[in-house]
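Structure file start25.cif (mmCIF, C-alpha atoms) follows.
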```
data_protein
loop_
_atom_site.label_atom_id
_atom_site.label_comp_id
_atom_site.auth_asym_id
_atom_site.auth_seq_id
_atom_site.Cartn_x
_atom_site.Cartn_y
_atom_site.Cartn_z
CA GLU A 149 -78.60 15.27 -82.28
CA THR A 150 -76.55 16.37 -79.31
CA GLY A 151 -74.71 19.28 -80.90
CA VAL A 152 -71.39 17.45 -80.65
CA THR A 153 -70.09 15.83 -83.81
CA GLN A 154 -67.17 13.48 -84.26
CA THR A 155 -65.34 12.32 -87.35
CA PRO A 156 -64.58 9.76 -88.48
CA ARG A 157 -67.17 7.45 -86.95
CA HIS A 158 -65.05 4.38 -87.66
CA LEU A 159 -61.30 4.10 -88.12
CA VAL A 160 -59.04 1.14 -88.76
CA MET A 161 -55.35 1.85 -88.57
CA GLY A 162 -52.10 -0.02 -88.43
CA MET A 163 -49.66 0.39 -85.60
CA THR A 164 -47.33 2.54 -87.69
CA ASN A 165 -50.01 4.91 -89.00
CA LYS A 166 -50.72 8.47 -87.94
CA LYS A 167 -54.32 9.60 -87.83
CA SER A 168 -56.41 12.28 -86.15
CA LEU A 169 -59.85 12.26 -84.58
CA LYS A 170 -61.91 15.42 -84.79
CA CYS A 171 -64.61 16.75 -82.50
CA GLU A 172 -66.73 19.85 -82.97
CA GLN A 173 -69.30 21.26 -80.60
CA HIS A 174 -72.01 23.68 -81.69
CA LEU A 175 -73.29 24.48 -78.20
CA GLY A 176 -71.12 27.44 -77.22
CA HIS A 177 -69.51 25.43 -74.41
CA ASN A 178 -66.20 26.28 -72.76
CA ALA A 179 -64.93 22.85 -71.80
CA MET A 180 -64.20 19.82 -73.97
CA TYR A 181 -63.18 16.29 -73.05
CA TRP A 182 -61.75 13.14 -74.58
CA TYR A 183 -62.81 9.79 -73.10
CA LYS A 184 -61.80 6.26 -73.95
CA GLN A 185 -64.48 3.59 -73.60
CA SER A 186 -63.55 -0.05 -73.74
CA ALA A 187 -65.08 -3.22 -72.40
CA LYS A 188 -62.54 -3.43 -69.58
CA LYS A 189 -62.54 0.18 -68.39
CA PRO A 190 -65.64 2.07 -69.39
CA LEU A 191 -65.39 5.85 -69.71
CA GLU A 192 -61.80 6.64 -68.89
CA LEU A 193 -61.15 10.38 -68.91
CA MET A 194 -58.12 11.17 -71.07
CA PHE A 195 -57.92 14.94 -71.48
CA VAL A 196 -59.87 18.02 -70.46
CA TYR A 197 -59.64 21.45 -72.02
CA SER A 198 -61.19 24.49 -70.39
CA LEU A 199 -61.12 27.73 -72.36
CA GLU A 200 -58.63 26.06 -74.72
CA GLU A 201 -56.19 25.27 -71.91
CA ARG A 202 -55.48 21.68 -71.00
CA VAL A 203 -56.46 21.27 -67.37
CA GLU A 204 -56.35 17.50 -67.04
CA ASN A 205 -54.14 14.81 -68.46
CA ASN A 206 -54.80 11.46 -66.89
CA SER A 207 -51.41 9.83 -67.45
CA VAL A 208 -52.24 9.12 -71.05
CA PRO A 209 -49.42 7.66 -73.19
CA SER A 210 -47.65 10.14 -75.42
CA ARG A 211 -48.87 8.29 -78.52
CA PHE A 212 -52.09 10.22 -77.92
CA SER A 213 -51.69 13.96 -78.49
CA PRO A 214 -54.62 16.35 -78.01
CA GLU A 215 -55.07 19.73 -79.66
CA CYS A 216 -57.66 22.40 -78.95
CA PRO A 217 -57.29 25.27 -81.42
CA ASN A 218 -60.45 27.02 -80.23
CA SER A 219 -63.36 26.39 -77.89
CA SER A 220 -65.41 24.64 -80.59
CA HIS A 221 -62.86 22.15 -81.89
CA LEU A 222 -60.88 19.36 -80.31
CA PHE A 223 -58.53 16.93 -81.98
CA LEU A 224 -56.85 13.74 -80.86
CA HIS A 225 -53.73 12.94 -82.84
CA LEU A 226 -52.77 9.28 -82.90
CA HIS A 227 -49.44 7.69 -83.76
CA THR A 228 -47.78 4.31 -83.28
CA LEU A 229 -50.81 2.93 -81.45
CA GLN A 230 -51.05 -0.52 -79.90
CA PRO A 231 -53.84 -3.08 -80.38
CA GLU A 232 -54.98 -2.43 -76.79
CA ASP A 233 -55.80 1.12 -77.85
CA SER A 234 -58.75 -0.21 -79.85
CA ALA A 235 -61.84 1.31 -78.26
CA LEU A 236 -64.63 3.83 -78.66
CA TYR A 237 -63.26 7.36 -78.30
CA LEU A 238 -65.87 9.80 -77.09
CA CYS A 239 -65.71 13.56 -77.13
CA ALA A 240 -67.84 15.63 -74.77
CA SER A 241 -68.40 19.27 -73.96
CA SER A 242 -69.86 21.20 -71.07
CA GLN A 243 -70.86 24.74 -70.29
CA GLY A 244 -68.70 26.92 -68.12
CA ILE A 245 -65.32 26.34 -66.56
CA ARG A 246 -66.48 24.79 -63.29
CA LEU A 247 -65.94 21.41 -64.79
CA ALA A 248 -68.38 19.21 -62.95
CA ALA A 249 -71.09 21.74 -62.25
CA TYR A 250 -72.66 21.17 -65.64
CA GLU A 251 -73.87 18.21 -67.59
CA GLN A 252 -71.70 16.83 -70.34
CA TYR A 253 -72.89 16.42 -73.89
CA PHE A 254 -71.30 13.51 -75.69
CA GLY A 255 -70.64 13.03 -79.36
CA PRO A 256 -71.43 9.73 -81.11
CA GLY A 257 -67.83 8.53 -80.79
CA THR A 258 -65.16 7.15 -83.09
CA ARG A 259 -64.82 3.36 -83.09
CA LEU A 260 -61.07 2.80 -83.44
CA THR A 261 -59.52 -0.53 -84.37
CA VAL A 262 -55.74 -0.89 -84.31
CA THR A 263 -54.43 -3.80 -86.33
CA GLY B 107 -57.45 8.98 -56.60
CA GLN B 108 -61.17 9.39 -56.38
CA GLN B 109 -63.17 6.30 -57.22
CA VAL B 110 -66.85 5.81 -57.84
CA MET B 111 -68.08 2.26 -57.44
CA GLN B 112 -71.30 1.11 -59.05
CA ILE B 113 -73.29 -2.07 -58.49
CA PRO B 114 -74.55 -4.33 -59.87
CA GLN B 115 -72.54 -4.62 -63.05
CA TYR B 116 -75.40 -6.37 -64.86
CA GLN B 117 -79.11 -6.71 -64.16
CA HIS B 118 -81.65 -8.75 -66.09
CA VAL B 119 -85.30 -8.09 -65.29
CA GLN B 120 -88.67 -9.09 -66.65
CA GLU B 121 -90.62 -6.24 -68.17
CA GLY B 122 -92.70 -4.65 -65.46
CA GLU B 123 -90.26 -5.44 -62.66
CA ASP B 124 -88.43 -2.70 -60.79
CA PHE B 125 -84.69 -2.00 -61.11
CA THR B 126 -82.18 -0.24 -58.89
CA THR B 127 -78.51 0.62 -59.40
CA TYR B 128 -76.28 1.93 -56.63
CA CYS B 129 -73.31 4.26 -56.68
CA ASN B 130 -70.78 4.64 -53.84
CA SER B 131 -67.81 6.90 -53.26
CA SER B 132 -65.15 6.71 -50.57
CA THR B 133 -65.07 10.50 -50.44
CA THR B 134 -67.73 13.16 -50.09
CA LEU B 135 -68.98 14.29 -53.46
CA SER B 136 -69.81 17.81 -54.54
CA ASN B 137 -72.47 16.54 -56.90
CA ILE B 138 -73.47 13.40 -58.72
CA GLN B 139 -74.76 12.99 -62.24
CA TRP B 140 -76.48 10.08 -63.95
CA TYR B 141 -76.19 9.14 -67.61
CA LYS B 142 -77.81 6.51 -69.82
CA GLN B 143 -76.10 4.87 -72.78
CA ARG B 144 -78.27 2.85 -75.15
CA PRO B 145 -76.63 -0.10 -76.94
CA GLY B 146 -74.50 1.29 -79.76
CA GLY B 147 -75.07 4.84 -78.58
CA HIS B 148 -73.33 7.44 -76.48
CA PRO B 149 -73.95 8.55 -72.88
CA VAL B 150 -76.86 10.93 -72.46
CA PHE B 151 -77.29 13.07 -69.36
CA LEU B 152 -80.26 12.20 -67.17
CA ILE B 153 -79.99 14.29 -64.02
CA GLN B 154 -77.74 16.03 -61.52
CA LEU B 155 -78.06 15.90 -57.72
CA VAL B 156 -76.31 18.46 -55.55
CA LYS B 157 -77.93 18.59 -52.11
CA SER B 158 -77.56 16.12 -49.28
CA GLY B 159 -80.57 13.80 -49.16
CA GLU B 160 -81.93 15.12 -52.45
CA VAL B 161 -84.57 13.08 -54.28
CA LYS B 162 -85.62 13.79 -57.84
CA LYS B 163 -88.11 12.03 -60.06
CA GLN B 164 -88.45 11.76 -63.81
CA LYS B 165 -91.58 9.78 -64.65
CA ARG B 166 -90.71 6.19 -63.60
CA LEU B 167 -87.13 7.08 -62.58
CA THR B 168 -86.28 8.12 -59.01
CA PHE B 169 -82.83 9.45 -58.15
CA GLN B 170 -81.48 9.81 -54.61
CA PHE B 171 -78.36 11.42 -53.15
CA GLY B 172 -77.33 10.15 -49.74
CA GLU B 173 -77.29 12.28 -46.62
CA ALA B 174 -73.49 12.02 -46.41
CA LYS B 175 -73.16 12.75 -50.15
CA LYS B 176 -71.18 9.55 -50.59
CA ASN B 177 -73.79 7.43 -52.31
CA SER B 178 -76.60 7.63 -54.79
CA SER B 179 -79.18 5.39 -56.37
CA LEU B 180 -81.33 5.23 -59.46
CA HIS B 181 -84.60 3.31 -59.23
CA ILE B 182 -86.80 2.50 -62.20
CA THR B 183 -90.37 1.44 -61.49
CA ALA B 184 -92.06 -1.05 -63.83
CA THR B 185 -89.29 -1.36 -66.37
CA GLN B 186 -90.03 -1.21 -70.08
CA THR B 187 -87.98 -2.42 -73.04
CA THR B 188 -87.10 1.20 -73.76
CA ASP B 189 -85.17 1.28 -70.46
CA VAL B 190 -82.52 -1.09 -71.85
CA GLY B 191 -79.02 0.33 -71.70
CA THR B 192 -76.12 1.05 -69.39
CA TYR B 193 -76.65 3.51 -66.55
CA PHE B 194 -73.61 5.42 -65.32
CA CYS B 195 -73.21 7.54 -62.26
CA ALA B 196 -70.49 10.19 -62.18
CA GLY B 197 -69.29 12.25 -59.26
CA ASN B 198 -66.67 14.78 -58.41
CA GLU B 199 -64.99 16.63 -55.54
CA GLY B 200 -64.65 20.38 -55.72
CA ASN B 201 -63.74 21.56 -59.18
CA THR B 202 -62.22 18.31 -60.38
CA PRO B 203 -63.60 16.59 -63.49
CA LEU B 204 -66.30 13.97 -63.14
CA VAL B 205 -65.27 10.41 -62.37
CA PHE B 206 -67.58 7.84 -63.92
CA GLY B 207 -68.58 4.54 -62.38
CA LYS B 208 -68.31 1.38 -64.48
CA GLY B 209 -72.03 1.39 -65.13
CA THR B 210 -74.88 -1.05 -64.70
CA ARG B 211 -76.05 -2.77 -67.84
CA LEU B 212 -79.81 -3.32 -67.76
CA SER B 213 -81.53 -5.95 -69.88
CA VAL B 214 -85.31 -6.11 -69.98
CA ILE B 215 -86.99 -9.31 -71.06
CA ALA B 216 -90.37 -8.77 -72.68
#
```

Is it possible to give me this structure as structure tokens?
Amino acid sequence: ETGVTQTPRHLVMGMTNKKSLKCEQHLGHNAMYWYKQSAKKPLELMFVYSLEERVENNSVPSRFSPECPNSSHLFLHLHTLQPEDSALYLCASSQGIRLAAYEQYFGPGTRLTVT
Amino acid sequence: GQQVMQIPQYQHVQEGEDFTTYCNSSTTLSNIQWYKQRPGGHPVFLIQLVKSGEVKKQKRLTFQFGEAKKNSSLHITATQTTDVGTYFCAGNEGNTPLVFGKGTRLSVIA
């Protein structure tokens, strides 16, 4: 619907697992974002990539590792997560490199549960 | 760091009543954007305001940007059940990424 797809849509993982979230945008945008959305802190910005370069890293724990191989794809690699990391992880993209000058298009999110 | 405060956190209205959510920043914003997230959905862009004192309308929705570019509001006239969701404002300074408010969750009672 929005041109931004995310897989998987739901993920349950143990604290010792390693998994990856994938995001793909079909809009020709230059910037991509990872957000964490939980009941306590809605829409926390985690990482921003502009033209495949990471331009923002909001003090996110190292158990979250982003990767942006090209302007259409964004990954979030997860390892040794904690139960408090359970949340909805949203990917977004925007046109251009002036980050806030353009609207953001969000994907449907990955609902992550850490057991 | 930059913070965007949004009130109220929740609002319950009868269908047909009006609704307003307010967004405030301690710093002057370059622009402000509004998003709507339906229950179980993802945020969807509604509008962007850039100019001081700007007012924009979308059918029953009216968006305002304050003269000092530190506050904004979204007003919905005669709410309908389709308006249910969480409304987020997001602002930024310069070329920094958007900072989202915590949102206002709107419930409409038919």

Subject >> Residues matched by the PyMOL selection byres ((chain A) within 10 of (chain B)), written as a ChimeraX atom specification >> reply: /A:150,181,187-193,195-196,203-204,236,238-240,245-257

Could the residues in this selection be saved with C-alpha atoms as an mmCIF file, in the coordinates of the input?
```cif
data_model
loop_
_atom_site.group_PDB
_atom_site.id
_atom_site.type_symbol
_atom_site.label_atom_id
_atom_site.label_comp_id
_atom_site.auth_asym_id
_atom_site.auth_seq_id
_atom_site.Cartn_x
_atom_site.Cartn_y
_atom_site.Cartn_z
ATOM 1 C CA THR A 150 -76.550 16.370 -79.310
ATOM 2 C CA TYR A 181 -63.180 16.290 -73.050
ATOM 3 C CA ALA A 187 -65.080 -3.220 -72.400
ATOM 4 C CA LYS A 188 -62.540 -3.430 -69.580
ATOM 5 C CA LYS A 189 -62.540 0.180 -68.390
ATOM 6 C CA PRO A 190 -65.640 2.070 -69.390
ATOM 7 C CA LEU A 191 -65.390 5.850 -69.710
ATOM 8 C CA GLU A 192 -61.800 6.640 -68.890
ATOM 9 C CA LEU A 193 -61.150 10.380 -68.910
ATOM 10 C CA PHE A 195 -57.920 14.940 -71.480
ATOM 11 C CA VAL A 196 -59.870 18.020 -70.460
ATOM 12 C CA VAL A 203 -56.460 21.270 -67.370
ATOM 13 C CA GLU A 204 -56.350 17.500 -67.040
ATOM 14 C CA LEU A 236 -64.630 3.830 -78.660
ATOM 15 C CA LEU A 238 -65.870 9.800 -77.090
ATOM 16 C CA CYS A 239 -65.710 13.560 -77.130
ATOM 17 C CA ALA A 240 -67.840 15.630 -74.770
ATOM 18 C CA ILE A 245 -65.320 26.340 -66.560
ATOM 19 C CA ARG A 246 -66.480 24.790 -63.290
ATOM 20 C CA LEU A 247 -65.940 21.410 -64.790
ATOM 21 C CA ALA A 248 -68.380 19.210 -62.950
ATOM 22 C CA ALA A 249 -71.090 21.740 -62.250
ATOM 23 C CA TYR A 250 -72.660 21.170 -65.640
ATOM 24 C CA GLU A 251 -73.870 18.210 -67.590
ATOM 25 C CA GLN A 252 -71.700 16.830 -70.340
ATOM 26 C CA TYR A 253 -72.890 16.420 -73.890
ATOM 27 C CA PHE A 254 -71.300 13.510 -75.690
ATOM 28 C CA GLY A 255 -70.640 13.030 -79.360
ATOM 29 C CA PRO A 256 -71.430 9.730 -81.110
ATOM 30 C CA GLY A 257 -67.830 8.530 -80.790
#
```

Original post:
Could you state the separation of atom CA of B:Gln120 and atom CA of B:Ile182 in Å, given to one decimal place?
Top reply: 12.6 Å

Original post:
Residues picked by the PyMOL selection byres ((chain B and resi 191) around 9) here, as a ChimeraX atom specification?
Top reply: /B:142-145,188-190,192-193,210-213

Subject >> Of the listed residues A:Gln185, A:Thr153, A:Asn218, A:Ser210, that which approaches A:Tyr237 most closely, counting all atoms listed in the file >> reply: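 For A:Tyr237, the nearest of the given residues is A:Gln185.
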
Original post:
Just so the selection is clear, what residues does the PyMOL selection byres ((chain B and resi 134) around 6) cover here, as a list in words?
Top reply: Thr133, Leu135, Lys175 and Lys176 of chain B

Original post:
At what distance in Å, to one decimal, does atom CA of A:Leu169 lie from atom CA of A:Leu224?
Top reply: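 Result for atom CA of A:Leu224 versus atom CA of A:Leu169: 5.0 Å, one decimal.
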